[in-house]
Amino acid sequence: MTETSVTWLTQEAHDRLQAELAHLSGAGRTDIAERIAAARDEGDLKENGGYHAAREEQAKNEARIRELTAKLRNVQIGTPPDDGKVEPGMLVTALVAGEEMSFLLGSREIAGGTDIRVYSPTSPLGEAINGTSIGDKVAYAAPNGNQIEVEILAAKPFEA
């Protein structure tokens, strides 16, 4: 496993995602299949809003199942080491374009019910700072083409 493919999750977040996956794969699929069958029995599928809505919900359900399966495939339970290195699962404090901000580098699933800002390691900011250490200065290109300066002030493992 490479560092960028690992998803750090707390035990609580892991259990929550496993439960969601189990529901979507079991009862969720069954419920949607029953609604599709009931709507199909109503007749003409071209103008059957209930049928089309159920099919759309089925597609969303299957996409979420694929997303959760992939995420849980490369999961690491716990927190990354507290070595001052910026990596997924770390709460980072940085000067970004001269403004101090704190955020989690990782996935929204790690943050759970908190209101902390989350940046993906594959976002422009995430890619620029992943692997840096406290005191490092880097820059990344914003979507508008401007170079954004970033200085790492602190990095510690996130704990919900």
# chains A, B, ... in the order shown; residues from 1 in each chain; ligands from 1
>>> residues_around(residues="stretch 27-34 of chain A", least_positions_apart="3", cutoff="10 Å", atoms="only C-alpha atoms", output="PyMOL selection string")
chain A and resi 20-24+37-40+53-58+61-62
>>> select_by_dssp(residues="stretch 24-152 of chain A", states="alpha helix (DSSP H)", output="PyMOL selection string")
chain A and resi 29-40+49-73+108-111+124-129
>>> closest_atom_pairs(of="stretch 99-131 of chain A", to="stretch 146-152 of chain A", cutoff="10 Å", atoms="only C-alpha atoms", output="JSON lines")
{"residue": "A:Glu99", "atom": "CA", "partner": "A:Val150", "partner_atom": "CA", "distance": 9.2}
{"residue": "A:Glu100", "atom": "CA", "partner": "A:Glu151", "partner_atom": "CA", "distance": 9.2}
{"residue": "A:Pro124", "atom": "CA", "partner": "A:Ile148", "partner_atom": "CA", "distance": 10.0}
{"residue": "A:Leu125", "atom": "CA", "partner": "A:Val150", "partner_atom": "CA", "distance": 8.5}
{"residue": "A:Ala128", "atom": "CA", "partner": "A:Val150", "partner_atom": "CA", "distance": 8.6}
{"residue": "A:Ile129", "atom": "CA", "partner": "A:Ile152", "partner_atom": "CA", "distance": 8.0}
>>> write_last_selection(atoms="C-alpha atoms", output="PDB file, in the first residue's frame")
ATOM      1  CA  GLU A  99      -4.356  33.285   6.142  1.00  0.00           C
ATOM      2  CA  GLU A 100      -4.011  30.769   8.978  1.00  0.00           C
ATOM      3  CA  PRO A 124      -4.488  20.796  -5.461  1.00  0.00           C
ATOM      4  CA  LEU A 125      -3.799  21.854  -1.854  1.00  0.00           C
ATOM      5  CA  ALA A 128       1.025  20.220  -2.634  1.00  0.00           C
ATOM      6  CA  ILE A 129       1.332  19.571   1.107  1.00  0.00           C
TER       7      ILE A 129
END
>>> closest_atom_pairs(of="stretch 20-94 of chain A", to="stretch 109-121 of chain A", cutoff="9 Å", atoms="only C-alpha atoms", output="JSON lines")
{"residue": "A:Glu87", "atom": "CA", "partner": "A:Pro121", "partner_atom": "CA", "distance": 7.8}
{"residue": "A:Pro88", "atom": "CA", "partner": "A:Pro121", "partner_atom": "CA", "distance": 6.5}
{"residue": "A:Gly89", "atom": "CA", "partner": "A:Ile110", "partner_atom": "CA", "distance": 7.5}
>>> atom_distance(atom1="atom CA of A:Phe103", atom2="atom CA of A:Arg73")
24.7 Å
>>> closest_residue(among="A:His14, A:Lys137, A:Lys156, A:Arg108", to="A:Val75", atoms="only C-alpha atoms")
A:His14
>>> residues_around(residues="A:Gly135", least_positions_apart="6", cutoff="12 Å", atoms="only C-alpha atoms", output="PyMOL selection string")
chain A and resi 84-86+92-95+129+150-155
>>> closest_residue(among="A:Leu68, A:Leu45, A:Ile36, A:Val6", to="A:Ala19", atoms="only C-alpha atoms")
A:Leu68
>>> closest_residue(among="A:Leu105, A:Ala141, A:Leu72, A:Leu17", to="A:Leu91", atoms="only C-alpha atoms")
A:Leu105
>>> select_by_dssp(residues="stretch 34-113 of chain A", states="strand (DSSP E)", output="list in words")
Val75, Gln76, Ile77, Met90, Leu91, Val92, Thr93, Ala94, Leu95, Val96, Glu99, Glu100, Met101, Ser102, Phe103, Leu104 and Leu105 of chain A
>>> write_last_selection(atoms="N, CA, C and O atoms", output="compact mmCIF listing (two decimals), in the first residue's frame")
# COMPACT_ATOMS: atom_id res chain seq x y z
N VAL A 75 -8.03 0.53 3.98
CA VAL A 75 -8.24 1.29 5.21
C VAL A 75 -7.19 0.93 6.26
O VAL A 75 -6.72 -0.21 6.32
N GLN A 76 -6.82 1.93 7.02
CA GLN A 76 -5.92 1.75 8.17
C GLN A 76 -6.69 2.31 9.35
O GLN A 76 -7.09 3.47 9.35
N ILE A 77 -6.92 1.47 10.36
CA ILE A 77 -7.68 1.92 11.53
C ILE A 77 -6.71 2.48 12.55
O ILE A 77 -5.68 1.89 12.86
N MET A 90 -4.12 13.57 9.07
CA MET A 90 -3.51 14.58 9.93
C MET A 90 -4.36 15.86 9.95
O MET A 90 -4.90 16.27 8.92
N LEU A 91 -4.43 16.47 11.13
CA LEU A 91 -5.02 17.79 11.29
C LEU A 91 -3.90 18.78 11.05
O LEU A 91 -2.90 18.79 11.76
N VAL A 92 -4.03 19.59 10.02
CA VAL A 92 -2.97 20.49 9.57
C VAL A 92 -3.35 21.93 9.86
O VAL A 92 -4.49 22.35 9.62
N THR A 93 -2.41 22.68 10.40
CA THR A 93 -2.55 24.12 10.54
C THR A 93 -1.52 24.74 9.61
O THR A 93 -0.34 24.37 9.67
N ALA A 94 -1.96 25.63 8.74
CA ALA A 94 -1.07 26.19 7.73
C ALA A 94 -1.45 27.63 7.43
O ALA A 94 -2.59 28.04 7.62
N LEU A 95 -0.45 28.38 6.97
CA LEU A 95 -0.71 29.69 6.40
C LEU A 95 -0.96 29.46 4.92
O LEU A 95 -0.07 29.03 4.20
N VAL A 96 -2.17 29.72 4.48
CA VAL A 96 -2.53 29.52 3.08
C VAL A 96 -2.85 30.89 2.52
O VAL A 96 -3.81 31.54 2.95
N GLU A 99 -3.28 33.46 5.17
CA GLU A 99 -4.36 33.28 6.14
C GLU A 99 -4.16 31.96 6.87
O GLU A 99 -4.00 30.91 6.24
N GLU A 100 -4.17 32.01 8.21
CA GLU A 100 -4.01 30.77 8.98
C GLU A 100 -5.31 29.97 8.94
O GLU A 100 -6.38 30.52 9.17
N MET A 101 -5.19 28.69 8.66
CA MET A 101 -6.36 27.83 8.66
C MET A 101 -5.99 26.43 9.13
O MET A 101 -4.84 26.01 8.98
N SER A 102 -6.95 25.76 9.74
CA SER A 102 -6.77 24.37 10.17
C SER A 102 -7.76 23.51 9.42
O SER A 102 -8.92 23.90 9.21
N PHE A 103 -7.31 22.33 9.01
CA PHE A 103 -8.15 21.44 8.24
C PHE A 103 -7.62 20.02 8.35
O PHE A 103 -6.48 19.79 8.75
N LEU A 104 -8.45 19.08 8.00
CA LEU A 104 -8.09 17.68 7.98
C LEU A 104 -7.68 17.29 6.58
O LEU A 104 -8.38 17.60 5.62
N LEU A 105 -6.53 16.65 6.45
CA LEU A 105 -6.13 16.10 5.16
C LEU A 105 -6.60 14.65 5.16
O LEU A 105 -6.16 13.85 5.98
>>> atom_distance(atom1="atom CA of A:Thr7", atom2="atom CA of A:Gly106")
7.2 Å
>>> closest_residue(among="A:Ala97, A:Pro80, A:Ala139, A:Gln18", to="A:Ile65", atoms="only C-alpha atoms")
A:Gln18
>>> atom_distance(atom1="atom CA of A:Thr79", atom2="atom CA of A:Glu12")
12.3 Å
